[in-house]
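Participant: As input, take work-v3.cif (mmCIF, C-alpha atoms):
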data_run
#
loop_
_atom_site.label_atom_id
_atom_site.label_comp_id
_atom_site.auth_asym_id
_atom_site.auth_seq_id
_atom_site.Cartn_x
_atom_site.Cartn_y
_atom_site.Cartn_z
CA MET A 1 63.50 -142.35 -56.74
CA SER A 2 62.41 -138.96 -57.92
CA SER A 3 64.87 -136.17 -58.58
CA GLY A 4 63.41 -134.15 -55.69
CA LYS A 5 64.07 -136.98 -53.26
CA LYS A 6 67.59 -137.44 -54.63
CA ALA A 7 68.30 -133.75 -54.18
CA LEU A 8 66.93 -133.85 -50.63
CA LEU A 9 69.05 -136.93 -49.84
CA ILE A 10 72.17 -135.25 -51.24
CA VAL A 11 71.46 -132.10 -49.20
CA LEU A 12 70.98 -134.20 -46.05
CA ILE A 13 74.23 -136.09 -46.69
CA VAL A 14 76.09 -132.82 -47.25
CA ILE A 15 74.61 -131.36 -44.03
CA VAL A 16 75.57 -134.49 -42.05
CA VAL A 17 79.11 -134.46 -43.50
CA LEU A 18 79.49 -130.74 -42.73
CA GLY A 19 78.10 -131.31 -39.23
CA VAL A 20 80.60 -134.11 -38.61
CA MET A 21 83.45 -131.95 -39.94
CA ILE A 22 82.47 -128.98 -37.75
CA TYR A 23 82.05 -131.24 -34.72
CA SER A 24 85.47 -132.81 -35.38
CA PHE A 25 87.08 -129.39 -35.75
CA PHE A 26 85.62 -128.11 -32.47
CA LYS A 27 86.25 -131.31 -30.54
CA GLY A 28 89.78 -131.81 -31.87
CA ASN A 29 90.90 -128.24 -31.33
CA TYR A 30 89.23 -127.87 -27.96
CA ASN A 31 90.84 -131.06 -26.70
CA ARG A 32 94.20 -129.97 -28.15
CA PHE A 33 93.93 -126.62 -26.35
CA VAL A 34 93.04 -128.33 -23.08
CA ALA A 35 96.01 -130.68 -23.42
CA MET A 36 98.36 -127.81 -24.27
CA ASP A 37 97.03 -125.71 -21.39
CA GLU A 38 97.71 -128.61 -19.04
CA GLY A 39 101.19 -128.91 -20.59
CA VAL A 40 101.84 -125.25 -19.77
CA LYS A 41 100.67 -125.79 -16.20
CA SER A 42 102.84 -128.89 -15.87
CA ALA A 43 105.90 -127.10 -17.25
CA TRP A 44 105.29 -124.20 -14.86
CA ALA A 45 105.00 -126.67 -11.97
CA GLN A 46 108.46 -127.98 -12.86
CA VAL A 47 109.85 -124.43 -12.88
CA GLU A 48 108.23 -123.82 -9.48
CA ASN A 49 109.66 -127.08 -8.18
CA GLN A 50 113.19 -125.89 -8.97
CA LEU A 51 112.46 -122.38 -7.71
CA GLN A 52 111.26 -123.90 -4.44
CA ARG A 53 114.48 -125.89 -4.21
CA ARG A 54 116.45 -122.66 -4.56
CA PHE A 55 114.10 -120.92 -2.13
CA ASP A 56 114.80 -123.64 0.46
CA LEU A 57 118.60 -123.50 -0.03
CA ILE A 58 118.89 -119.75 0.43
CA PRO A 59 118.46 -119.58 4.24
CA ASN A 60 121.27 -122.10 4.70
CA LEU A 61 123.52 -120.19 2.32
CA VAL A 62 122.73 -116.86 3.99
CA GLU A 63 123.40 -118.28 7.46
CA THR A 64 126.74 -119.70 6.34
CA VAL A 65 127.77 -116.40 4.79
CA LYS A 66 126.57 -114.40 7.83
CA GLY A 67 129.21 -116.01 10.00
CA TYR A 68 131.96 -114.79 7.69
CA ALA A 69 130.58 -111.55 6.30
CA LYS A 70 128.92 -109.66 9.12
CA GLN A 71 129.65 -106.31 7.48
CA GLU A 72 127.81 -107.34 4.28
CA LYS A 73 124.44 -106.95 5.95
CA ASP A 74 122.86 -104.98 3.07
CA VAL A 75 123.43 -107.75 0.53
CA LEU A 76 122.13 -110.40 2.93
CA THR A 77 119.07 -108.27 3.68
CA GLU A 78 118.46 -107.83 -0.04
CA VAL A 79 118.58 -111.60 -0.59
CA THR A 80 116.25 -112.20 2.36
CA ASN A 81 113.78 -109.54 1.14
CA ALA A 82 113.86 -110.89 -2.43
CA ARG A 83 113.21 -114.38 -1.06
CA ALA A 84 110.22 -113.04 0.89
CA ARG A 85 108.81 -111.43 -2.30
CA VAL A 86 109.09 -114.82 -4.04
CA GLY A 87 107.12 -116.41 -1.21
CA GLY A 88 104.42 -113.74 -1.48
CA ALA A 89 103.98 -113.81 -5.27
CA ASN A 90 100.67 -115.29 -6.42
CA THR A 91 100.38 -114.92 -10.20
CA VAL A 92 102.78 -116.36 -12.78
CA PRO A 93 103.97 -112.89 -13.92
CA ASP A 94 104.51 -111.86 -10.26
CA LYS A 95 106.43 -115.07 -9.58
CA ILE A 96 108.59 -114.50 -12.64
CA SER A 97 109.35 -110.93 -11.57
CA ALA A 98 110.08 -111.90 -7.95
CA ASN A 99 112.37 -114.74 -9.02
CA ASN A 100 114.23 -112.43 -11.39
CA GLU A 101 114.83 -110.10 -8.42
CA LEU A 102 116.03 -113.04 -6.36
CA SER A 103 118.42 -114.10 -9.12
CA GLY A 104 119.94 -110.61 -9.14
CA ALA A 105 120.28 -110.56 -5.35
CA LEU A 106 121.93 -113.98 -5.38
CA SER A 107 124.42 -112.90 -8.02
CA ARG A 108 125.38 -109.92 -5.84
CA LEU A 109 125.75 -112.28 -2.87
CA LEU A 110 128.09 -114.50 -4.88
CA VAL A 111 130.23 -111.44 -5.73
CA VAL A 112 130.42 -110.56 -2.02
CA MET A 113 131.43 -114.10 -1.15
CA GLU A 114 134.45 -113.84 -3.45
CA ASN A 115 135.95 -111.38 -0.95
CA TYR A 116 136.15 -114.03 1.79
CA PRO A 117 138.81 -116.71 1.13
CA ASP A 118 137.97 -118.56 4.37
CA LEU A 119 134.34 -118.75 3.34
CA LYS A 120 135.24 -120.07 -0.10
CA SER A 121 137.16 -122.96 1.52
CA ASN A 122 134.42 -123.83 4.08
CA GLN A 123 132.99 -127.26 3.24
CA ASN A 124 129.41 -126.37 4.16
CA PHE A 125 129.60 -123.28 2.02
CA LEU A 126 131.12 -125.16 -0.90
CA ARG A 127 128.40 -127.82 -0.70
CA LEU A 128 125.67 -125.16 -0.56
CA GLN A 129 127.26 -123.24 -3.42
CA ASP A 130 127.37 -126.42 -5.53
CA GLU A 131 123.74 -127.16 -4.67
CA LEU A 132 122.76 -123.62 -5.62
CA ALA A 133 124.71 -123.79 -8.89
CA GLY A 134 123.05 -127.11 -9.74
CA THR A 135 119.66 -125.68 -8.89
CA GLU A 136 120.28 -122.61 -11.05
CA ASN A 137 121.10 -124.96 -13.95
CA ARG A 138 117.91 -126.92 -13.34
CA ILE A 139 115.93 -123.69 -13.23
CA ALA A 140 117.43 -122.64 -16.56
CA VAL A 141 116.46 -125.97 -18.15
CA GLU A 142 112.93 -125.85 -16.75
CA ARG A 143 112.53 -122.22 -17.85
CA MET A 144 113.54 -123.21 -21.36
CA ARG A 145 111.07 -126.12 -21.38
CA TYR A 146 108.32 -123.89 -20.00
CA ASN A 147 108.95 -121.26 -22.68
CA GLU A 148 108.87 -123.93 -25.41
CA VAL A 149 105.50 -125.22 -24.19
CA VAL A 150 104.14 -121.67 -23.85
CA LYS A 151 105.27 -120.85 -27.39
CA ALA A 152 103.52 -123.91 -28.86
CA TYR A 153 100.37 -123.15 -26.88
CA ASN A 154 100.32 -119.45 -27.79
CA VAL A 155 100.85 -120.24 -31.48
CA ALA A 156 98.04 -122.80 -31.40
CA ILE A 157 95.48 -120.48 -29.83
CA ARG A 158 96.43 -117.57 -32.08
CA SER A 159 96.40 -119.50 -35.39
CA PHE A 160 93.40 -119.10 -37.69
CA PRO A 161 90.76 -120.59 -37.60
CA ALA A 162 91.51 -122.21 -34.23
CA ASN A 163 91.82 -118.74 -32.68
CA LEU A 164 88.05 -118.31 -33.09
CA LEU A 165 87.44 -121.41 -31.01
CA ALA A 166 90.11 -120.43 -28.46
CA GLY A 167 88.44 -117.05 -27.99
CA MET A 168 85.01 -118.62 -27.60
CA PHE A 169 86.20 -120.92 -24.82
CA GLY A 170 88.41 -118.40 -23.02
CA PHE A 171 91.86 -119.77 -23.80
CA LYS A 172 94.31 -116.90 -23.22
CA GLU A 173 97.97 -116.41 -24.04
CA GLU A 174 100.44 -117.42 -21.34
CA ALA A 175 103.40 -115.31 -20.22
CA PHE A 176 106.94 -116.30 -21.12
CA PHE A 177 109.59 -116.54 -18.41
CA GLU A 178 111.87 -113.75 -19.57
CA ALA A 179 115.17 -112.55 -18.21
CA PRO A 180 115.07 -109.29 -16.27
CA PRO A 181 116.46 -106.18 -18.01
CA ALA A 182 119.51 -106.23 -15.72
CA ALA A 183 120.51 -109.65 -17.11
CA LYS A 184 120.79 -108.16 -20.59
CA ALA A 185 123.41 -105.60 -19.54
CA THR A 186 127.07 -106.38 -20.14
CA PRO A 187 128.72 -107.24 -16.82
CA GLN A 188 131.56 -104.98 -15.66
CA VAL A 189 134.70 -106.84 -14.67
CA LYS A 190 137.25 -104.88 -12.68
CA PHE A 191 140.57 -106.08 -11.33
#
So, in terms of structure tokens, how does the structure I just supplied come out?

Facilitator:
Amino acid sequence: MSSGKKALLIVLIVIVVLGVMIYSFFKGNYNRFVAMDEGVKSAWAQVENQLQRRFDLIPNLVETVKGYAKQEKDVLTEVTNARARVGGANTVPDKISANNELSGALSRLLVVMENYPDLKSNQNFLRLQDELAGTENRIAVERMRYNEVVKAYNVAIRSFPANLLAGMFGFKEEAFFEAPPAAKATPQVKF
């Protein structure tokens, strides 16, 4: 075999090896991004599942409280309006914002309920309050899981050189589920 043919064969082998490496890089990273994107969607679906559970419990809780706390109409209206905003939210950031508002309204409702000893001893109310507390814990767990998946996904699509591929195929950063600014304030306890 002549040296020209050997050189051509070596160049062809190098081109084939580079082609396989580039193909593997694109295929592997693209498939990883797709899997991670689906993981983000799945984690968000679990958050929404728990948010829906809370959303469904609220009317029962409000109705139970209404019977005892007729003069607390403003707080009940605030909870009802916040619940309506949750139902009307369409994008993930809007849903996060609306649910943060609902969390704040519910915490104010729980403060109001402390003023009614008869309400606190009502079995229906106690059951609903326990259900709501359990749901809030589930929401917290699912939020944490969602944020972990979003972090891994965002790191993957922003890391070099995979970020070039992510940009080419339209993979975008996902929003974290963050606490509202009011949750960061130190609560005031007065006796």

Participant: Counting only C-alpha atoms, select every polymer residue within 7 Å of (118.5, -108.1, -4.8) as defined in the file's coordinates, and provide the selection as a PyMOL selection string.

Facilitator: chain A and resi 78-79+82+101-102+104-106

Participant: Would you mind listing what lies within 10 Å of A:Arg32 as a list in words, with all atoms listed in the file counted and same-chain residues fewer than 4 positions away left out?

Facilitator: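 After dropping sequence-adjacent residues, the list is Phe26, Lys27, Gly28, Met36, Asp37, Glu38, Tyr153, Ala156 and Ile157 of chain A.
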
Participant: So that I can see what lies close to stretch 40-44 of chain A, please list as a list of chain:residue names the residues with an atom at most 6 Å from it, counting all atoms listed in the file and leaving out residues fewer than 6 positions away in the same chain.

Facilitator: A:Tyr146, A:Val149, A:Val150

Participant: To one decimal place in Å, what is the distance between atom CA of A:Leu132 and atom CA of A:Val86?

Facilitator: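 Separation between atom CA of A:Leu132 and atom CA of A:Val86: 16.3 Å.
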
Participant: With distances taken over all atoms listed in the file, which of A:Ala35, A:Leu126, A:Ala84, A:Val11 is nearest to A:Asn99?

Facilitator: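 Smallest separation from A:Asn99 among the options: A:Ala84.
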
Participant: What gap, in Å, lies between atom CA of A:Phe177 and atom CA of A:Ile58?

Facilitator: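 Those two atoms sit 21.3 Å apart.
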
Participant: A:Val16, A:Leu164, A:Leu9, A:Ile139: which is nearest A:Asn100, counting only C-alpha atoms?

Facilitator: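 Of A:Val16, A:Leu164, A:Leu9, A:Ile139, the one nearest A:Asn100, counting only C-alpha atoms, is A:Ile139.
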
Participant: Within 9 Å of (89.5, -126.9, -33.5), only C-alpha atoms: residues as a list in words?

Facilitator: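 Checking each residue against the 9 Å limit leaves Ile22, Tyr23, Ser24, Phe25, Phe26, Lys27, Gly28, Asn29, Tyr30, Asn31, Arg32, Phe33, Pro161, Ala162, Asn163, Leu164, Leu165 and Ala166 of chain A.
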
Participant: Determine the nearest neighbour of A:Val92 from the options A:Met144, A:Val111, A:Met21, A:Ala175, counting all atoms listed in the file.

Facilitator: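 Selected residue with least distance to A:Val92: A:Ala175.
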
Participant: What is the distance between atom CA of A:Leu76 and atom CA of A:Leu109, in Å to one decimal?

Facilitator: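 Taking atom CA of A:Leu76 as the start and atom CA of A:Leu109 as the end point, the length is 7.1 Å.
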
Participant: Once the PyMOL selection byres ((chain A and resi 131) around 12) has been evaluated on this model, what residues remain selected, and can you format them as a list in words?

Facilitator: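 That selection, the PyMOL selection byres ((chain A and resi 131) around 12), comes back as Gln50, Arg53, Arg54, Phe55, Asp56, Leu57, Ile58, Asn60, Leu61, Asn124, Phe125, Leu126, Arg127, Leu128, Gln129, Asp130, Leu132, Ala133, Gly134, Thr135, Glu136, Asn137 and Arg138 of chain A.
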
Participant: Since we have the selection now, will you write its residues out, keeping C-alpha atoms, as a PDB file, keeping the file's coordinate frame?

Facilitator:
ATOM      1  CA  GLN A  50     113.190-125.890  -8.970  1.00  0.00           C
ATOM      2  CA  ARG A  53     114.480-125.890  -4.210  1.00  0.00           C
ATOM      3  CA  ARG A  54     116.450-122.660  -4.560  1.00  0.00           C
ATOM      4  CA  PHE A  55     114.100-120.920  -2.130  1.00  0.00           C
ATOM      5  CA  ASP A  56     114.800-123.640   0.460  1.00  0.00           C
ATOM      6  CA  LEU A  57     118.600-123.500  -0.030  1.00  0.00           C
ATOM      7  CA  ILE A  58     118.890-119.750   0.430  1.00  0.00           C
ATOM      8  CA  ASN A  60     121.270-122.100   4.700  1.00  0.00           C
ATOM      9  CA  LEU A  61     123.520-120.190   2.320  1.00  0.00           C
ATOM     10  CA  ASN A 124     129.410-126.370   4.160  1.00  0.00           C
ATOM     11  CA  PHE A 125     129.600-123.280   2.020  1.00  0.00           C
ATOM     12  CA  LEU A 126     131.120-125.160  -0.900  1.00  0.00           C
ATOM     13  CA  ARG A 127     128.400-127.820  -0.700  1.00  0.00           C
ATOM     14  CA  LEU A 128     125.670-125.160  -0.560  1.00  0.00           C
ATOM     15  CA  GLN A 129     127.260-123.240  -3.420  1.00  0.00           C
ATOM     16  CA  ASP A 130     127.370-126.420  -5.530  1.00  0.00           C
ATOM     17  CA  LEU A 132     122.760-123.620  -5.620  1.00  0.00           C
ATOM     18  CA  ALA A 133     124.710-123.790  -8.890  1.00  0.00           C
ATOM     19  CA  GLY A 134     123.050-127.110  -9.740  1.00  0.00           C
ATOM     20  CA  THR A 135     119.660-125.680  -8.890  1.00  0.00           C
ATOM     21  CA  GLU A 136     120.280-122.610 -11.050  1.00  0.00           C
ATOM     22  CA  ASN A 137     121.100-124.960 -13.950  1.00  0.00           C
ATOM     23  CA  ARG A 138     117.910-126.920 -13.340  1.00  0.00           C
TER      24      ARG A 138
END
